[in-house]
Amino acid sequence: MHQLRRNIKRLFLHLLTAGLIFSLVASLCSCEEDSKKFSNTDFNDFTIEYNGKEYSPKKNVETFLVLGLDKYEGTSLVGSYNNDKQADFLLLFVLDNSEKKCSAIHINRDTMAQVNILGLAGQKVDTVTKQIALAHTYGNGDKESCRNVADSVSGILHGIKIDHYISFTLDSVAVFNDMVGGVEVTVLDDFTGIDDTLKKGETVTLFGEHALKYVRTRYGLDDSSNSTRMVRQKQYLMALYEKTKELIENDAEFIVEASVKMSDYIISDRSVNRLQEIVKKITSYEFSQIHDIEGKSKMGEKFIEFYPDEDSTRKLVLDLLYTPAK
């Protein structure tokens with residue numbers, strides 16, 4: 001068991017060096033192979049017609065969904081089919097195994113999507129339109145909830161298949177941030193009245209909860225939409241990635257030390273060996289960019305709602321996962 005825990009911790013660090021997430025964790029929860037399938041398993045039979053042309057799914061592409069959960073504790077089974085963990089951060093990696101290329105789609109947590117309501121046995125009993133972050137609150141807080149988010153992600157991306165997933169809790173951001181010696185950013189928003197040390201346009205080095213505040217805060221800012229926060233998240237993620245990569249290159253003991261200190265949990269549908277295969281691809285493939293889904297935010301009855309632009313979303317899906325039919 002100790003060896004397995006060490007393996008999963010080291011795996012986490014490799015995930016980080018690939019730039020997978022800003023929501024960081026590194027210890028074992030349960031990483032057994034998940035035999036259940038997503039509801040969109042017929043994706044490979046789909047064709048899409050766009051502007052008078054037909055497109056077929058690429059044959060050697062796989063997707064990997066990364067979820068950052070908004071609770072400050074290790075992930076655990078809550079013993080029911082409702083939980084209070086929302087998917088605050090969603091990033092879908094697209095791996096083209098033929099071209100040896102990798103890209104990612106950053107998904108707004110406020111995106112209005114079809115969300116499955118699950119029954120006691122984990123089966124779908126109804127569907128509602130809600131913010132995609134809430135898809136994780138249906139289910140047991142474990143794999144059922146992750147699959148539920150994956151189904152909603154598939155829905156907004158025109159039925160693409162979500163092959164794998166992994167979820168992390170966000171409380172480890174501050175811990176790992178400090179392990180790399182802080183992360184330097186140029187402040188993008190005016191935090192006056194929230195944190196006067198974060199002045200727009202100034203370059204600061206973020207430490208501890210300061211880092212978490214920078215990537216999570218949205219209410220109280222001039223623009224409280226999640227779209228603005230996502231820009232900061234991407235900025236922080238890339239800065240953290242560069243800092244971590246530099247440390248790993250210059251300090252052979254960094255991974256070992258980080259593995260010892262990190263103590264939170266992950267949930268994935270893949271075994272350790274399968275996750276290692278995915279990480280190997282991501283770290284060796286040519287990484288292109290992180291794509292954002294275009295759309296508009298508006299105030300709903302209680303919360304901000306993001307509505308994707310259908311045309312630009314379809315174009316993005318076609319570019320990354322389809323090829324013109326012959």
# chains A, B, ... in the order shown; residues from 1 in each chain; ligands from 1
>>> select_by_dssp(residues="region 25-259 of chain A", states="alpha helix (DSSP H)", output="PDB file with N, CA and C atoms, in the first residue's frame")
ATOM      1  N   LYS A 143     -17.010   8.487  -7.961  1.00  0.00           N
ATOM      2  CA  LYS A 143     -16.978   8.258  -9.405  1.00  0.00           C
ATOM      3  C   LYS A 143     -18.310   8.549 -10.083  1.00  0.00           C
ATOM      4  N   GLU A 144     -19.422   8.273  -9.384  1.00  0.00           N
ATOM      5  CA  GLU A 144     -20.736   8.561  -9.966  1.00  0.00           C
ATOM      6  C   GLU A 144     -20.838  10.044 -10.309  1.00  0.00           C
ATOM      7  N   SER A 145     -20.384  10.890  -9.418  1.00  0.00           N
ATOM      8  CA  SER A 145     -20.466  12.334  -9.631  1.00  0.00           C
ATOM      9  C   SER A 145     -19.536  12.785 -10.754  1.00  0.00           C
ATOM     10  N   CYS A 146     -18.341  12.213 -10.819  1.00  0.00           N
ATOM     11  CA  CYS A 146     -17.410  12.560 -11.896  1.00  0.00           C
ATOM     12  C   CYS A 146     -17.976  12.174 -13.254  1.00  0.00           C
ATOM     13  N   ARG A 147     -18.576  10.992 -13.334  1.00  0.00           N
ATOM     14  CA  ARG A 147     -19.181  10.568 -14.598  1.00  0.00           C
ATOM     15  C   ARG A 147     -20.336  11.469 -14.977  1.00  0.00           C
ATOM     16  N   ASN A 148     -21.064  11.948 -13.970  1.00  0.00           N
ATOM     17  CA  ASN A 148     -22.192  12.827 -14.252  1.00  0.00           C
ATOM     18  C   ASN A 148     -21.713  14.145 -14.872  1.00  0.00           C
ATOM     19  N   VAL A 149     -20.605  14.674 -14.362  1.00  0.00           N
ATOM     20  CA  VAL A 149     -20.031  15.874 -14.961  1.00  0.00           C
ATOM     21  C   VAL A 149     -19.569  15.580 -16.389  1.00  0.00           C
ATOM     22  N   ALA A 150     -18.951  14.418 -16.571  1.00  0.00           N
ATOM     23  CA  ALA A 150     -18.459  14.050 -17.898  1.00  0.00           C
ATOM     24  C   ALA A 150     -19.600  13.980 -18.906  1.00  0.00           C
ATOM     25  N   ASP A 151     -20.751  13.463 -18.494  1.00  0.00           N
ATOM     26  CA  ASP A 151     -21.902  13.409 -19.396  1.00  0.00           C
ATOM     27  C   ASP A 151     -22.362  14.810 -19.777  1.00  0.00           C
ATOM     28  N   SER A 152     -22.335  15.741 -18.816  1.00  0.00           N
ATOM     29  CA  SER A 152     -22.737  17.115 -19.110  1.00  0.00           C
ATOM     30  C   SER A 152     -21.741  17.800 -20.032  1.00  0.00           C
ATOM     31  N   VAL A 153     -20.448  17.547 -19.821  1.00  0.00           N
ATOM     32  CA  VAL A 153     -19.418  18.089 -20.703  1.00  0.00           C
ATOM     33  C   VAL A 153     -19.625  17.559 -22.119  1.00  0.00           C
ATOM     34  N   SER A 154     -19.901  16.283 -22.226  1.00  0.00           N
ATOM     35  CA  SER A 154     -20.176  15.695 -23.533  1.00  0.00           C
ATOM     36  C   SER A 154     -21.338  16.398 -24.217  1.00  0.00           C
ATOM     37  N   GLY A 155     -22.369  16.715 -23.444  1.00  0.00           N
ATOM     38  CA  GLY A 155     -23.543  17.351 -24.007  1.00  0.00           C
ATOM     39  C   GLY A 155     -23.268  18.717 -24.608  1.00  0.00           C
ATOM     40  N   ILE A 156     -22.484  19.545 -23.913  1.00  0.00           N
ATOM     41  CA  ILE A 156     -22.222  20.886 -24.447  1.00  0.00           C
ATOM     42  C   ILE A 156     -21.220  20.841 -25.602  1.00  0.00           C
ATOM     43  N   SER A 172      -5.489  22.182  -1.905  1.00  0.00           N
ATOM     44  CA  SER A 172      -4.055  21.954  -1.982  1.00  0.00           C
ATOM     45  C   SER A 172      -3.327  23.001  -2.813  1.00  0.00           C
ATOM     46  N   VAL A 173      -4.071  23.936  -3.416  1.00  0.00           N
ATOM     47  CA  VAL A 173      -3.417  24.980  -4.204  1.00  0.00           C
ATOM     48  C   VAL A 173      -2.388  25.735  -3.370  1.00  0.00           C
ATOM     49  N   ALA A 174      -2.818  26.202  -2.192  1.00  0.00           N
ATOM     50  CA  ALA A 174      -1.921  26.985  -1.341  1.00  0.00           C
ATOM     51  C   ALA A 174      -0.700  26.179  -0.913  1.00  0.00           C
ATOM     52  N   VAL A 175      -0.913  24.898  -0.609  1.00  0.00           N
ATOM     53  CA  VAL A 175       0.181  24.047  -0.148  1.00  0.00           C
ATOM     54  C   VAL A 175       1.235  23.890  -1.230  1.00  0.00           C
ATOM     55  N   PHE A 176       0.806  23.521  -2.414  1.00  0.00           N
ATOM     56  CA  PHE A 176       1.778  23.292  -3.478  1.00  0.00           C
ATOM     57  C   PHE A 176       2.389  24.598  -3.965  1.00  0.00           C
ATOM     58  N   ASN A 177       1.584  25.649  -3.986  1.00  0.00           N
ATOM     59  CA  ASN A 177       2.084  26.967  -4.371  1.00  0.00           C
ATOM     60  C   ASN A 177       3.318  27.336  -3.550  1.00  0.00           C
ATOM     61  N   ASP A 178       3.258  27.092  -2.239  1.00  0.00           N
ATOM     62  CA  ASP A 178       4.373  27.453  -1.364  1.00  0.00           C
ATOM     63  C   ASP A 178       5.562  26.518  -1.532  1.00  0.00           C
ATOM     64  N   MET A 179       5.286  25.289  -1.930  1.00  0.00           N
ATOM     65  CA  MET A 179       6.374  24.340  -2.141  1.00  0.00           C
ATOM     66  C   MET A 179       7.263  24.750  -3.304  1.00  0.00           C
ATOM     67  N   GLY A 208       0.628  30.933  -0.242  1.00  0.00           N
ATOM     68  CA  GLY A 208      -0.441  30.399   0.597  1.00  0.00           C
ATOM     69  C   GLY A 208      -1.845  30.722   0.114  1.00  0.00           C
ATOM     70  N   GLU A 209      -2.695  31.136   1.078  1.00  0.00           N
ATOM     71  CA  GLU A 209      -4.087  31.445   0.773  1.00  0.00           C
ATOM     72  C   GLU A 209      -4.216  32.627  -0.187  1.00  0.00           C
ATOM     73  N   HIS A 210      -3.149  33.414  -0.266  1.00  0.00           N
ATOM     74  CA  HIS A 210      -3.121  34.528  -1.209  1.00  0.00           C
ATOM     75  C   HIS A 210      -3.278  34.012  -2.637  1.00  0.00           C
ATOM     76  N   ALA A 211      -2.605  32.914  -2.931  1.00  0.00           N
ATOM     77  CA  ALA A 211      -2.687  32.314  -4.263  1.00  0.00           C
ATOM     78  C   ALA A 211      -4.098  31.804  -4.528  1.00  0.00           C
ATOM     79  N   LEU A 212      -4.676  31.154  -3.534  1.00  0.00           N
ATOM     80  CA  LEU A 212      -6.022  30.623  -3.689  1.00  0.00           C
ATOM     81  C   LEU A 212      -7.029  31.756  -3.891  1.00  0.00           C
ATOM     82  N   LYS A 213      -6.828  32.839  -3.164  1.00  0.00           N
ATOM     83  CA  LYS A 213      -7.722  33.997  -3.300  1.00  0.00           C
ATOM     84  C   LYS A 213      -7.648  34.548  -4.722  1.00  0.00           C
ATOM     85  N   TYR A 214      -6.435  34.587  -5.271  1.00  0.00           N
ATOM     86  CA  TYR A 214      -6.262  35.150  -6.612  1.00  0.00           C
ATOM     87  C   TYR A 214      -6.980  34.325  -7.675  1.00  0.00           C
ATOM     88  N   VAL A 215      -6.930  33.011  -7.555  1.00  0.00           N
ATOM     89  CA  VAL A 215      -7.534  32.171  -8.597  1.00  0.00           C
ATOM     90  C   VAL A 215      -9.013  31.882  -8.358  1.00  0.00           C
ATOM     91  N   ARG A 216      -9.519  32.146  -7.144  1.00  0.00           N
ATOM     92  CA  ARG A 216     -10.902  31.796  -6.843  1.00  0.00           C
ATOM     93  C   ARG A 216     -11.851  32.995  -6.761  1.00  0.00           C
ATOM     94  N   ASN A 226     -17.534  34.364 -14.124  1.00  0.00           N
ATOM     95  CA  ASN A 226     -16.498  33.338 -14.083  1.00  0.00           C
ATOM     96  C   ASN A 226     -15.562  33.441 -15.274  1.00  0.00           C
ATOM     97  N   SER A 227     -16.018  34.072 -16.354  1.00  0.00           N
ATOM     98  CA  SER A 227     -15.164  34.229 -17.539  1.00  0.00           C
ATOM     99  C   SER A 227     -13.912  35.015 -17.197  1.00  0.00           C
ATOM    100  N   THR A 228     -14.065  36.081 -16.399  1.00  0.00           N
ATOM    101  CA  THR A 228     -12.915  36.872 -15.983  1.00  0.00           C
ATOM    102  C   THR A 228     -12.001  36.064 -15.068  1.00  0.00           C
ATOM    103  N   ARG A 229     -12.594  35.319 -14.151  1.00  0.00           N
ATOM    104  CA  ARG A 229     -11.791  34.492 -13.252  1.00  0.00           C
ATOM    105  C   ARG A 229     -11.008  33.443 -14.026  1.00  0.00           C
ATOM    106  N   MET A 230     -11.596  32.904 -15.096  1.00  0.00           N
ATOM    107  CA  MET A 230     -10.930  31.889 -15.889  1.00  0.00           C
ATOM    108  C   MET A 230      -9.642  32.416 -16.518  1.00  0.00           C
ATOM    109  N   VAL A 231      -9.612  33.700 -16.859  1.00  0.00           N
ATOM    110  CA  VAL A 231      -8.392  34.293 -17.411  1.00  0.00           C
ATOM    111  C   VAL A 231      -7.284  34.257 -16.361  1.00  0.00           C
ATOM    112  N   ARG A 232      -7.644  34.581 -15.110  1.00  0.00           N
ATOM    113  CA  ARG A 232      -6.655  34.517 -14.031  1.00  0.00           C
ATOM    114  C   ARG A 232      -6.211  33.081 -13.776  1.00  0.00           C
ATOM    115  N   GLN A 233      -7.154  32.144 -13.837  1.00  0.00           N
ATOM    116  CA  GLN A 233      -6.816  30.742 -13.620  1.00  0.00           C
ATOM    117  C   GLN A 233      -5.806  30.256 -14.654  1.00  0.00           C
ATOM    118  N   LYS A 234      -6.036  30.614 -15.902  1.00  0.00           N
ATOM    119  CA  LYS A 234      -5.118  30.195 -16.963  1.00  0.00           C
ATOM    120  C   LYS A 234      -3.750  30.840 -16.771  1.00  0.00           C
ATOM    121  N   GLN A 235      -3.739  32.134 -16.422  1.00  0.00           N
ATOM    122  CA  GLN A 235      -2.487  32.848 -16.162  1.00  0.00           C
ATOM    123  C   GLN A 235      -1.700  32.178 -15.038  1.00  0.00           C
ATOM    124  N   TYR A 236      -2.383  31.887 -13.941  1.00  0.00           N
ATOM    125  CA  TYR A 236      -1.733  31.265 -12.785  1.00  0.00           C
ATOM    126  C   TYR A 236      -1.240  29.862 -13.126  1.00  0.00           C
ATOM    127  N   LEU A 237      -2.065  29.100 -13.824  1.00  0.00           N
ATOM    128  CA  LEU A 237      -1.712  27.737 -14.199  1.00  0.00           C
ATOM    129  C   LEU A 237      -0.424  27.694 -15.001  1.00  0.00           C
ATOM    130  N   MET A 238      -0.299  28.569 -15.997  1.00  0.00           N
ATOM    131  CA  MET A 238       0.895  28.553 -16.834  1.00  0.00           C
ATOM    132  C   MET A 238       2.135  29.006 -16.044  1.00  0.00           C
ATOM    133  N   ALA A 239       1.955  29.989 -15.141  1.00  0.00           N
ATOM    134  CA  ALA A 239       3.090  30.436 -14.320  1.00  0.00           C
ATOM    135  C   ALA A 239       3.533  29.332 -13.364  1.00  0.00           C
ATOM    136  N   LEU A 240       2.565  28.628 -12.787  1.00  0.00           N
ATOM    137  CA  LEU A 240       2.877  27.523 -11.878  1.00  0.00           C
ATOM    138  C   LEU A 240       3.566  26.381 -12.622  1.00  0.00           C
ATOM    139  N   TYR A 241       3.097  26.117 -13.821  1.00  0.00           N
ATOM    140  CA  TYR A 241       3.686  25.072 -14.658  1.00  0.00           C
ATOM    141  C   TYR A 241       5.160  25.360 -14.935  1.00  0.00           C
ATOM    142  N   GLU A 242       5.459  26.592 -15.324  1.00  0.00           N
ATOM    143  CA  GLU A 242       6.841  26.957 -15.637  1.00  0.00           C
ATOM    144  C   GLU A 242       7.728  26.867 -14.399  1.00  0.00           C
ATOM    145  N   LYS A 243       7.202  27.314 -13.254  1.00  0.00           N
ATOM    146  CA  LYS A 243       7.978  27.271 -12.010  1.00  0.00           C
ATOM    147  C   LYS A 243       8.262  25.826 -11.606  1.00  0.00           C
ATOM    148  N   THR A 244       7.250  24.977 -11.716  1.00  0.00           N
ATOM    149  CA  THR A 244       7.406  23.581 -11.325  1.00  0.00           C
ATOM    150  C   THR A 244       8.361  22.845 -12.254  1.00  0.00           C
ATOM    151  N   LYS A 245       8.234  23.094 -13.551  1.00  0.00           N
ATOM    152  CA  LYS A 245       9.118  22.440 -14.513  1.00  0.00           C
ATOM    153  C   LYS A 245      10.571  22.808 -14.243  1.00  0.00           C
ATOM    154  N   GLU A 246      10.807  24.076 -13.923  1.00  0.00           N
ATOM    155  CA  GLU A 246      12.169  24.528 -13.615  1.00  0.00           C
ATOM    156  C   GLU A 246      12.706  23.835 -12.372  1.00  0.00           C
ATOM    157  N   LEU A 247      11.864  23.700 -11.340  1.00  0.00           N
ATOM    158  CA  LEU A 247      12.302  23.036 -10.110  1.00  0.00           C
ATOM    159  C   LEU A 247      12.651  21.578 -10.357  1.00  0.00           C
ATOM    160  N   ILE A 248      11.813  20.898 -11.110  1.00  0.00           N
ATOM    161  CA  ILE A 248      12.054  19.471 -11.379  1.00  0.00           C
ATOM    162  C   ILE A 248      13.349  19.278 -12.169  1.00  0.00           C
ATOM    163  N   GLU A 249      13.599  20.191 -13.107  1.00  0.00           N
ATOM    164  CA  GLU A 249      14.814  20.085 -13.916  1.00  0.00           C
ATOM    165  C   GLU A 249      16.073  20.321 -13.086  1.00  0.00           C
ATOM    166  N   ASN A 250      15.965  21.169 -12.062  1.00  0.00           N
ATOM    167  CA  ASN A 250      17.147  21.560 -11.290  1.00  0.00           C
ATOM    168  C   ASN A 250      17.289  20.853  -9.947  1.00  0.00           C
ATOM    169  N   PHE A 254      12.982  17.154  -5.659  1.00  0.00           N
ATOM    170  CA  PHE A 254      11.743  17.924  -5.491  1.00  0.00           C
ATOM    171  C   PHE A 254      10.508  17.028  -5.510  1.00  0.00           C
ATOM    172  N   ILE A 255      10.440  16.097  -6.448  1.00  0.00           N
ATOM    173  CA  ILE A 255       9.268  15.230  -6.551  1.00  0.00           C
ATOM    174  C   ILE A 255       9.103  14.405  -5.282  1.00  0.00           C
ATOM    175  N   VAL A 256      10.210  13.880  -4.776  1.00  0.00           N
ATOM    176  CA  VAL A 256      10.136  13.060  -3.568  1.00  0.00           C
ATOM    177  C   VAL A 256       9.640  13.898  -2.391  1.00  0.00           C
ATOM    178  N   GLU A 257      10.204  15.088  -2.213  1.00  0.00           N
ATOM    179  CA  GLU A 257       9.802  15.949  -1.108  1.00  0.00           C
ATOM    180  C   GLU A 257       8.337  16.357  -1.230  1.00  0.00           C
ATOM    181  N   ALA A 258       7.918  16.676  -2.442  1.00  0.00           N
ATOM    182  CA  ALA A 258       6.524  17.074  -2.656  1.00  0.00           C
ATOM    183  C   ALA A 258       5.580  15.920  -2.363  1.00  0.00           C
ATOM    184  N   SER A 259       5.984  14.722  -2.745  1.00  0.00           N
ATOM    185  CA  SER A 259       5.147  13.550  -2.517  1.00  0.00           C
ATOM    186  C   SER A 259       4.892  13.316  -1.040  1.00  0.00           C
TER     187      SER A 259
END
>>> select_by_dssp(residues="region 88-312 of chain A", states="strand (DSSP E or B)", output="PyMOL selection string")
chain A and resi 88-96+101-107+111-118+124-131+138+164-169+183-186+203-206+265-268+286-292+295-299+304-308
>>> atom_distance(atom1="CA of Pro324 (chain A)", atom2="CA of His106 (chain A)")
24.6 Å
